[in-house]
Amino acid sequence: MNLPDSPPVRTRLLLAALRLFSEQGYARTSIRAIAAEAQANVAAVSYYFGDKAALYAALFSEPFGLLRTTVPDFADPGLSLGAALRRFFQRMLEPLHHGAIARQVLRLHIREMLEPTEQWQIELERDVRAPTEAMAALLCRHLGLDKPDDDLHRLTLTLTGMAYQIWSYQEVVATMQPQLLATPEAVDAWTEQLAEFAVAMVVTERRRRARAARAAARPARRRDTA
């Protein structure tokens, strides 16, 4: 989110709602409290968002964009494996450029998991399932598989999980090694390194599958020559 020196009312409402919802939860946060925090009129919430539920839903998309928008970025069949994985991690970690706001978004998501509203199921379907399924399709393509098997699902969840782990570990990293997330350049270094790790995992999986195929073929060859 671009924050000008004097944020407009709509932006102030989003930032106020982000702080209060992440700290207090949906049920315990009132429209009046959000308006007061944003130094805005209560009617401004209705004007810009409609109601409390719509304002809450906006917090899961507007600060950084929907994660499902990562799919067109990395799922292009014309991309090499390395380029596709780099785009995936770049898009997933770009919100961390926003520092403190990204940590508030993390708290909001954690609170939503602990005190779920109808937004939780929307998030799972929209911002988790779509990128994960696209990653599975990408890996199938580069491993020459017609469809995912359990091993492919494990690899998919491991790779996507690396990005989600950086998100969920923000507070830990900020405490233990703050320089690793302190600047946009530091965040981008994660992107490059995670992409390299991911490529190495895919290469290892390709080799593992090749060894398994050769081992499975040996008894058949022995039977044929007996």
# chains A, B, ... in the order shown; residues from 1 in each chain; ligands from 1
>>> residues_around(residues="His153 of chain A", least_positions_apart="2", cutoff="10 Å", atoms="only C-alpha atoms", output="CSV table (one decimal) with C-alpha atoms, in the first residue's frame")
chain,number,residue,atom,x,y,z
A,132,THR,CA,-1.0,-24.3,-4.2
A,133,GLU,CA,-2.8,-26.0,-7.0
A,135,MET,CA,2.4,-24.9,-8.0
A,136,ALA,CA,1.4,-28.5,-8.2
A,139,LEU,CA,5.9,-29.2,-10.7
A,140,CYS,CA,4.0,-31.9,-12.6
A,148,PRO,CA,0.0,-35.1,-8.8
A,149,ASP,CA,0.7,-38.1,-6.6
A,150,ASP,CA,1.3,-38.0,-2.8
A,151,ASP,CA,5.0,-37.4,-3.2
A,155,LEU,CA,6.9,-31.4,-2.5
A,156,THR,CA,4.3,-28.8,-3.4
A,157,LEU,CA,3.4,-28.1,0.2
A,158,THR,CA,7.0,-28.0,1.2
A,159,LEU,CA,7.9,-25.4,-1.5
>>> residues_around(residues="Gln119 of chain A", least_positions_apart="4", cutoff="9 Å", atoms="only C-alpha atoms", output="list of chain:residue names")
A:Tyr56, A:Ala57, A:Phe60, A:Glu112, A:Glu123, A:Leu124
>>> atom_distance(atom1="atom CA of Pro178 of chain A", atom2="atom CA of Arg87 of chain A")
24.3 Å
>>> atom_distance(atom1="atom CA of Pro184 of chain A", atom2="atom CA of His97 of chain A")
4.9 Å
>>> select_by_dssp(residues="segment 115-151 of chain A", states="helix (DSSP H, G or I)", output="list in words")
Gln119, Trp120, Gln121, Ile122, Glu123, Leu124, Glu125, Arg126, Asp127, Val128, Arg129, Ala130, Pro131, Thr132, Glu133, Ala134, Met135, Ala136, Ala137, Leu138, Leu139, Cys140, Arg141, His142, Leu143, Asp150 and Asp151 of chain A
>>> residues_around(residues="Ala189 of chain A", least_positions_apart="2", cutoff="12 Å", atoms="only C-alpha atoms", output="count of residues only")
22
>>> residues_around(residues="Trp167 of chain A", least_positions_apart="3", cutoff="9 Å", atoms="only C-alpha atoms", output="PyMOL selection string")
chain A and resi 92-93+96+102-103+106+162-164+170-171
>>> write_last_selection(atoms="N, CA and C atoms", output="CSV table (one decimal), in the first residue's frame")
chain,number,residue,atom,x,y,z
A,92,MET,N,5.1,-13.7,-3.5
A,92,MET,CA,4.7,-14.0,-2.1
A,92,MET,C,5.3,-13.2,-1.0
A,93,LEU,N,6.6,-12.8,-1.2
A,93,LEU,CA,7.3,-12.1,-0.2
A,93,LEU,C,7.3,-10.6,-0.3
A,96,LEU,N,6.3,-8.2,2.4
A,96,LEU,CA,7.2,-8.0,3.5
A,96,LEU,C,8.0,-6.7,3.4
A,102,ALA,N,3.1,-5.4,7.4
A,102,ALA,CA,3.1,-6.8,7.1
A,102,ALA,C,2.9,-7.6,8.4
A,103,ARG,N,3.6,-7.2,9.5
A,103,ARG,CA,3.4,-7.9,10.7
A,103,ARG,C,2.0,-7.8,11.3
A,106,LEU,N,-0.1,-10.2,9.5
A,106,LEU,CA,0.2,-11.6,10.0
A,106,LEU,C,-0.7,-11.8,11.2
A,162,MET,N,7.5,-22.8,2.4
A,162,MET,CA,8.7,-22.0,2.7
A,162,MET,C,8.4,-20.5,2.7
A,163,ALA,N,7.5,-20.1,1.8
A,163,ALA,CA,7.1,-18.7,1.7
A,163,ALA,C,6.2,-18.4,2.9
A,164,TYR,N,5.3,-19.3,3.2
A,164,TYR,CA,4.4,-19.0,4.3
A,164,TYR,C,5.1,-19.0,5.6
A,170,GLN,N,7.9,-13.8,10.9
A,170,GLN,CA,8.3,-12.4,10.9
A,170,GLN,C,8.8,-11.9,12.3
A,171,GLU,N,7.9,-12.2,13.3
A,171,GLU,CA,8.2,-11.7,14.7
A,171,GLU,C,9.5,-12.4,15.2
>>> residues_around(residues="Arg206 of chain A", least_positions_apart="6", cutoff="12 Å", atoms="only C-alpha atoms", output="list of chain:residue names")
A:Leu139, A:Cys140, A:Arg141, A:His142, A:Leu143, A:Gly144, A:Leu145, A:Asp151, A:Leu152, A:Leu155, A:Val199, A:Ala200, A:Ala212, A:Ala213
>>> closest_residue(among="A:Tyr47, A:Phe74, A:Phe88, A:Tyr169", to="Ile110 of chain A", atoms="only C-alpha atoms")
A:Tyr169
